[in-house]
Amino acid sequence: MDRPTPGIAAVPWGAAVREPGEGWDESNPVPATTLTLVEGATFVIASATGDIDPGGVEGLFVGDTRICSALQLRIDDHVVEPLTSAPRSPSSAAFVGRTIDRQLVFRDLSVGRGMRVDLRVRNLAGTHREVEVALRMDTDLAGLFEVKTRSVIVPPVPRRADGATLRFADADGHRGLTAIGSEGAVAGEDGTIRWRVPLDAGREWSGCVEFRALRGGHDVASAVSCDAPLTAPKGIARMDETPRCHTDVPGLATAIRRAGEDLGALQIEDPDHPEDVLVAAGAPWYMTLFGRDSILTSWMALVLDPDMAFGTVRALARLQGREDVPETEEQPGRILHEIRSSSGASLALADGHIYYGSIDATPLFVMLVHELWRWGAGAARIQELMPALDAALAWQERRFDAGEGYLSYRAAVPGSLVNQSWKDSHDAIGFADGRLADPPIATAEVQAYAFAAWRAGAALARAFGDPGTAEERDRRAEDLRSRFARDFWLEDRGAVALALDGAGRQVDAVASNMGHCLWTGIVDEPAQAVAIARWLVSPELASGWGVRTLATSMARHSPLSYHNGSVWPHDTAIAIAGLRRAGFVEEAHALSRDLLLAADALGGRLPELFAGLTAEEMVVPVRYPTSCSPQAWASAAPLLVLRALLGLEPDVPTGHLALDPRLPEGSGHLRIEGLPLAGAHLTIDVRHDGFDVTGLPAGTSLATASD
């Protein structure tokens with residue numbers, strides 16, 4: 001495996017990074033008026049007209065490089081007046097406008113390892129006329145982080161025109177853009193592809209331009225060639241075969257359908273391992289494999305596509321840390337935080353820049369392998385992953401033993417992430433009075449994941465004939481649970497502390513992380529569970545659209561803070577799953593209703609996060625300026641809500657499927673057709689008076705709440 005460039009960790013990985021006292025260095029916002037189309041590692045941010053306006057975040061990106069930074073359509077040297085635009089799918093959109101003399105102009109954008117622009121001009125006049133159609137374009141070959149952080153400073157990229165082809169390439173000829181016009185096109189050295197079009201009255205002309213990324217001196221074959229009919233991208237086509245939901249639970253069916261579409265669009269492929277189904281974290285800034293995000297997304301998406309989870313753990317196992325590299329925070333057994341494409345020809349994951357600065361991806365990896373076992377992945381597939389699982393738990397053991405008994409983190413080198421849990425902005429971990437915690441920091445939910453990882457590792461060791469290892473892992477889990485209940489519980493607040501700081505002090509802020517603790521089962525004291533449930537549905541945390549990341553009474557709370565008062569759909573979904581696991585059905589239903597209302601208000605697609613304002617303050621969720629959309633674990637959040645509503649807990653190795661459906665008040669039916677489990681496809685039909693299940697795998701019986 002190619003090693004990352006020395007010093008690559010100085011890049012602001014994963015989130016904007018700042019030190020105490022510095023101004024906020026937030027990602028460059030994506031304007032609300034733009035449209036983002038995505039397919040795998042390709043995405044385009046375009047204006048509402050279909051143009052790519054220069055100078056901001058707009059552009060066509062392939063493999064973390066902006067290969068087209070400007071694209072403007074002109075008819076007879078005039079801009080096109082926009083009329084209407086609409087997405088056809090997550091990877092394509094249609095735009096309609098009119099010319100200065102009122103002729104119709106249709107434009108379609110489609111992405112897939114490049115981009116295709118289809119143009120049509122319709123002559124509505126009663127006489128013959130000639131039209132000049134021109135697409136002006138440019139590239140800056142800016143890296144994604146340059147665009148994301150507003151630091152694009154690049155020299156002009158040389159261009160060369162040849163017939164209908166326009167090529168932009170850097171001085172070495174290694175990176176660039178190739179644009180190829182359809183029949184009749186003429187490329188110019190001014191960066192324009194033109195057609196001279198004679199149009200009789202009532203007739204229509206059509207043309208096409210294909211955009212290809214130039215990497216390593218060679219064009220990357222586009223999946224949306226002008227020479228072939230457009231078809232649904234492979235990922236979206238796969239998700240078209242996923243289960244269907246029919247229900248009167250408000251917002252649920254639409255959210256699940258949209259989840260399938262968006263997760264399909266976010267699927268990426270490792271050229272070295274095309275057999276694996278992988279999911280990127282989110283558009284526009286995270287179109288790559290992330291440890292934490294991809295694991296939690298594929299966990300939530302098990303009800304749609306278990307192959308996504310299996311592909312994710314296989315890829316993460318291949319790229320698991322092997323040695324100590326301080327610059328990238330690689331350590332033996334550690335699961336990566338994120339990968340970024342190199343500037344070379346290869347788009348293979350192993351040839352990218354890999355950063356390992358995540359404290360939670362490693363225990364989450366172990367949890368997902370065990371969940372796949374429970375979901376019926378089969379002994380052979382799980383045994384393939386056992387060396388990686390054992391190495392991950394060995395890493396966790398070393399970190400526990402070196403960290404005063406808890407899984408903690410501190411930035412290893414300048415430029416590393418200051419916070420390495422899921423709330424990874426620099427100011428995310430603070431006391432109730434606003435003081436920031438000093439490292440090393442042990443956050444509550446990370447200990448919960450570690451507990452679940454020990455339990456998962458014990459179950460798999462026992463299943464594969466190693467009772468001694470299983471016993472030791474169970475012992476570690478119970479020891480952690482006992483100490484956690486003592487050291488993290490805030491008696492005066494009746495809540496779990498956000499973290500312990502470097503001096504072992506309780507970071508006493510009240511935050512959403514408590515929901516993750518219910519989800520993993522580390523909290524088993526009934527009184528503590530009751531108190532957590534009350535907090536999660538209290539006005540301080542529950543906004544009416546979901547769970548705020550920080551309670552309103554905390555000093556750092558702001559509804560527009562990235563991690564200190566905003567609402568993250570995946571965080572709310574985990575809280576819902578935790579409440580359901582702990583037996584708080586009404587509370588789970590209340591938060592489910594809120595999240596599904598938010599999804600419904602946003603057309604079914606939940607963004608990465610939105611402001612923590614209440615429904616009384618604004619009748620729709622308030623957009624967060626730099627939020628990714630579509631974003632993987634936000635898209636998958638309704639799927640975890642579905643699982644919580646069903647009370648669905650499979651354990652195929654023991655031959656049981658636990659099911660305890662509870663529909664919210666006012667809802668009377670929920671039917672899921674084709675839910676995948678151990679190679680079978682279930683239909684679950686829930687009604688107000690009971691439920692039926694058909695299609696169970698051979699050797700699996702149904703266990704219900706009444707059993």
# chains A, B, ... in the order shown; residues from 1 in each chain; ligands from 1
$ closest_atom_pairs --of "region 59-168 of chain A" --to "region 605-628 of chain A" --cutoff "12 Å" --atoms "only C-alpha atoms" --output "tab-separated table"
residue	atom	partner	partner_atom	distance
A:Pro90	CA	A:Arg605	CA	10.7
A:Lys148	CA	A:Thr626	CA	9.5
A:Thr149	CA	A:Thr626	CA	11.1
$ select_by_dssp --residues "region 399-440 of chain A" --states "alpha helix (DSSP H)" --output "PyMOL selection string"
chain A and resi 399-402
$ residues_around --residues "Ala555 (chain A)" --least-positions-apart "4" --cutoff "8 Å" --atoms "only C-alpha atoms" --output "PDB file with N, CA and C atoms, in the first residue's frame"
ATOM      1  N   ALA A 432     -20.158  22.714  31.109  1.00  0.00           N
ATOM      2  CA  ALA A 432     -21.427  23.431  31.126  1.00  0.00           C
ATOM      3  C   ALA A 432     -21.216  24.936  31.118  1.00  0.00           C
ATOM      4  N   ASP A 433     -20.127  25.421  31.742  1.00  0.00           N
ATOM      5  CA  ASP A 433     -19.864  26.860  31.793  1.00  0.00           C
ATOM      6  C   ASP A 433     -19.115  27.376  30.569  1.00  0.00           C
ATOM      7  N   GLY A 434     -18.854  26.496  29.603  1.00  0.00           N
ATOM      8  CA  GLY A 434     -18.247  26.930  28.350  1.00  0.00           C
ATOM      9  C   GLY A 434     -16.768  26.663  28.221  1.00  0.00           C
TER      10      GLY A 434
END
$ closest_atom_pairs --of "region 628-678 of chain A" --to "region 355-374 of chain A" --cutoff "7 Å" --atoms "only C-alpha atoms" --output "Markdown table"
| residue | atom | partner | partner_atom | distance |
| --- | --- | --- | --- | --- |
| A:Pro650 | CA | A:Arg374 | CA | 6.0 |
| A:Asp651 | CA | A:Arg374 | CA | 4.4 |
| A:Val652 | CA | A:Arg374 | CA | 5.4 |
| A:Pro653 | CA | A:Arg374 | CA | 6.3 |
$ residues_around --residues "Ile672 (chain A)" --least-positions-apart "3" --cutoff "10 Å" --atoms "only C-alpha atoms" --output "list in words"
Pro243, Arg244, Cys245, His246, Thr247, Ala253, Val303, Leu642, Leu646, Leu675, Leu682, Thr683, Ile684, Asp685, Val686 and Val693 of chain A
$ write_last_selection --atoms "N, CA and C atoms" --output "compact mmCIF listing (two decimals), in the first residue's frame"
# COMPACT_ATOMS: atom_id res chain seq x y z
N PRO A 243 -36.00 -3.08 -0.40
CA PRO A 243 -37.37 -3.24 0.08
C PRO A 243 -38.24 -2.01 -0.14
N ARG A 244 -39.52 -2.27 -0.20
CA ARG A 244 -40.52 -1.22 -0.36
C ARG A 244 -41.34 -1.10 0.92
N CYS A 245 -41.66 0.15 1.25
CA CYS A 245 -42.40 0.43 2.48
C CYS A 245 -43.75 1.03 2.13
N HIS A 246 -44.81 0.50 2.74
CA HIS A 246 -46.17 1.02 2.61
C HIS A 246 -46.70 1.25 4.02
N THR A 247 -47.02 2.49 4.34
CA THR A 247 -47.41 2.77 5.71
C THR A 247 -48.18 4.08 5.79
N ALA A 253 -42.60 6.47 4.62
CA ALA A 253 -42.41 5.83 3.32
C ALA A 253 -41.60 6.71 2.38
N VAL A 303 -31.26 -2.93 6.85
CA VAL A 303 -32.63 -3.29 6.47
C VAL A 303 -32.86 -3.15 4.97
N LEU A 642 -37.09 3.04 11.23
CA LEU A 642 -37.92 1.90 10.82
C LEU A 642 -37.62 0.68 11.68
N LEU A 646 -40.15 -1.34 14.31
CA LEU A 646 -40.43 -2.77 14.20
C LEU A 646 -39.94 -3.57 15.40
N LEU A 675 -37.43 -7.32 2.80
CA LEU A 675 -36.35 -7.01 3.74
C LEU A 675 -35.33 -8.14 3.74
N LEU A 682 -37.81 -10.99 3.57
CA LEU A 682 -38.98 -11.03 4.43
C LEU A 682 -40.02 -10.01 4.00
N THR A 683 -41.26 -10.34 4.25
CA THR A 683 -42.35 -9.37 4.22
C THR A 683 -42.92 -9.28 5.62
N ILE A 684 -42.91 -8.07 6.16
CA ILE A 684 -43.44 -7.83 7.51
C ILE A 684 -44.65 -6.93 7.36
N ASP A 685 -45.79 -7.41 7.82
CA ASP A 685 -47.05 -6.68 7.67
C ASP A 685 -47.61 -6.41 9.07
N VAL A 686 -47.52 -5.15 9.49
CA VAL A 686 -47.96 -4.76 10.82
C VAL A 686 -49.28 -4.01 10.70
N VAL A 693 -45.39 -12.26 9.39
CA VAL A 693 -44.06 -12.29 8.77
C VAL A 693 -44.01 -13.49 7.84
$ closest_atom_pairs --of "region 442-559 of chain A" --to "region 571-580 of chain A" --cutoff "10 Å" --atoms "only C-alpha atoms" --output "CSV"
residue,atom,partner,partner_atom,distance
A:Ser512,CA,A:Asp571,CA,7.3
A:Asn513,CA,A:Asp571,CA,8.0
A:Met514,CA,A:Ala575,CA,7.7
A:Gly515,CA,A:Ala575,CA,4.0
A:His516,CA,A:Ile574,CA,6.0
A:Cys517,CA,A:Gly578,CA,7.4
A:Leu518,CA,A:Gly578,CA,4.4
A:Trp519,CA,A:Gly578,CA,3.5
A:Thr520,CA,A:Gly578,CA,7.2
A:Gly521,CA,A:Gly578,CA,8.0
A:Ala529,CA,A:Leu579,CA,8.7
A:Val530,CA,A:Leu579,CA,9.6
A:Ile532,CA,A:Leu579,CA,9.0
A:Ala533,CA,A:Leu579,CA,6.7
A:Leu536,CA,A:Ala575,CA,7.6
A:Val537,CA,A:Ala575,CA,9.9
A:Ala542,CA,A:Thr572,CA,9.3
A:Trp545,CA,A:Thr572,CA,9.3
A:Gly546,CA,A:Thr572,CA,5.7
A:Val547,CA,A:Thr572,CA,5.2
A:Arg548,CA,A:Thr572,CA,8.1
A:Thr549,CA,A:Asp571,CA,8.0
$ write_last_selection --atoms "C-alpha atoms" --output "PDB file, in the first residue's frame"
ATOM      1  CA  SER A 512     -27.054  14.202  22.928  1.00  0.00           C
ATOM      2  CA  ASN A 513     -24.243  11.671  23.379  1.00  0.00           C
ATOM      3  CA  MET A 514     -26.347  10.050  26.100  1.00  0.00           C
ATOM      4  CA  GLY A 515     -28.569   8.535  23.433  1.00  0.00           C
ATOM      5  CA  HIS A 516     -25.619   6.549  22.073  1.00  0.00           C
ATOM      6  CA  CYS A 517     -25.040   5.170  25.571  1.00  0.00           C
ATOM      7  CA  LEU A 518     -28.591   3.791  25.671  1.00  0.00           C
ATOM      8  CA  TRP A 519     -28.131   2.342  22.171  1.00  0.00           C
ATOM      9  CA  THR A 520     -25.106   0.230  23.097  1.00  0.00           C
ATOM     10  CA  GLY A 521     -26.463  -0.950  26.446  1.00  0.00           C
ATOM     11  CA  ALA A 529     -31.900   5.155  31.978  1.00  0.00           C
ATOM     12  CA  VAL A 530     -35.106   6.916  33.080  1.00  0.00           C
ATOM     13  CA  ILE A 532     -31.548   9.943  30.223  1.00  0.00           C
ATOM     14  CA  ALA A 533     -34.886   9.330  28.523  1.00  0.00           C
ATOM     15  CA  LEU A 536     -33.688  13.329  25.431  1.00  0.00           C
ATOM     16  CA  VAL A 537     -37.343  14.380  25.084  1.00  0.00           C
ATOM     17  CA  ALA A 542     -35.773  18.013  21.790  1.00  0.00           C
ATOM     18  CA  TRP A 545     -37.389  18.384  14.613  1.00  0.00           C
ATOM     19  CA  GLY A 546     -34.944  16.128  16.453  1.00  0.00           C
ATOM     20  CA  VAL A 547     -32.422  16.046  19.297  1.00  0.00           C
ATOM     21  CA  ARG A 548     -30.110  19.021  19.741  1.00  0.00           C
ATOM     22  CA  THR A 549     -26.457  18.182  20.129  1.00  0.00           C
TER      23      THR A 549
END
$ closest_residue --among "A:Asp390, A:Glu39, A:Glu269, A:Glu204" --to "Arg120 (chain A)" --atoms "only C-alpha atoms"
A:Glu204
$ closest_residue --among "A:Phe106, A:Trp205, A:Phe464, A:Phe310" --to "Val277 (chain A)" --atoms "only C-alpha atoms"
A:Phe310
$ residues_around --residues "Ile256 (chain A)" --least-positions-apart "2" --cutoff "9 Å" --atoms "only C-alpha atoms" --output "NGL selection string"
:A and (244-245 or 251-254 or 258-261 or 604 or 635-636 or 638-639 or 642)
$ residues_around --residues "Ala703 (chain A)" --least-positions-apart "5" --cutoff "10 Å" --atoms "only C-alpha atoms" --output "VMD selection string"
chain A and resid 649 to 650 655 to 660
$ write_last_selection --atoms "C-alpha atoms" --output "tab-separated table (two decimals), in the first residue's frame"
chain	number	residue	atom	x	y	z
A	649	GLU	CA	-33.37	-7.69	16.25
A	650	PRO	CA	-32.15	-10.67	14.22
A	655	GLY	CA	-32.07	-19.28	14.74
A	656	HIS	CA	-34.11	-16.40	16.14
A	657	LEU	CA	-35.62	-13.19	14.82
A	658	ALA	CA	-36.94	-10.88	17.54
A	659	LEU	CA	-39.81	-8.67	16.41
A	660	ASP	CA	-41.90	-6.34	18.57
$ residues_around --residues "Ala350 (chain A)" --least-positions-apart "4" --cutoff "12 Å" --atoms "only C-alpha atoms" --output "compact mmCIF listing (two decimals) with C-alpha atoms, in the first residue's frame"
# COMPACT_ATOMS: atom_id res chain seq x y z
CA MET A 1 0.00 0.00 0.00
CA ASP A 2 1.30 3.45 -0.91
CA ARG A 3 1.99 5.52 2.17
CA PRO A 4 0.46 9.00 2.50
CA ASP A 270 -12.62 0.88 -5.30
CA PRO A 271 -11.17 0.07 -8.75
CA ASP A 272 -8.98 -2.60 -7.13
CA HIS A 273 -12.02 -4.28 -5.53
CA LEU A 289 -14.72 6.32 2.41
CA ALA A 315 -12.44 -2.37 2.69
CA LEU A 316 -11.68 -1.07 6.18
CA ALA A 317 -10.00 -4.36 7.09
CA ARG A 318 -7.74 -4.16 4.01
CA LEU A 319 -6.72 -0.62 4.93
CA GLN A 320 -6.42 -1.23 8.68
CA GLY A 321 -3.36 0.29 10.34
CA LEU A 336 -9.04 4.72 9.28
CA GLU A 338 -10.88 9.03 5.97
CA ILE A 339 -9.22 8.64 2.58
CA ARG A 340 -8.50 11.36 0.05
CA SER A 341 -7.55 10.74 -3.57
CA SER A 342 -3.97 11.44 -4.57
CA SER A 346 -5.09 5.91 -9.67
CA ILE A 354 -5.18 7.83 4.42
CA TYR A 355 -5.67 9.49 7.81
$ closest_residue --among "A:Leu595, A:Ala223, A:Ala94, A:Leu304" --to "Leu677 (chain A)" --atoms "only C-alpha atoms"
A:Leu304
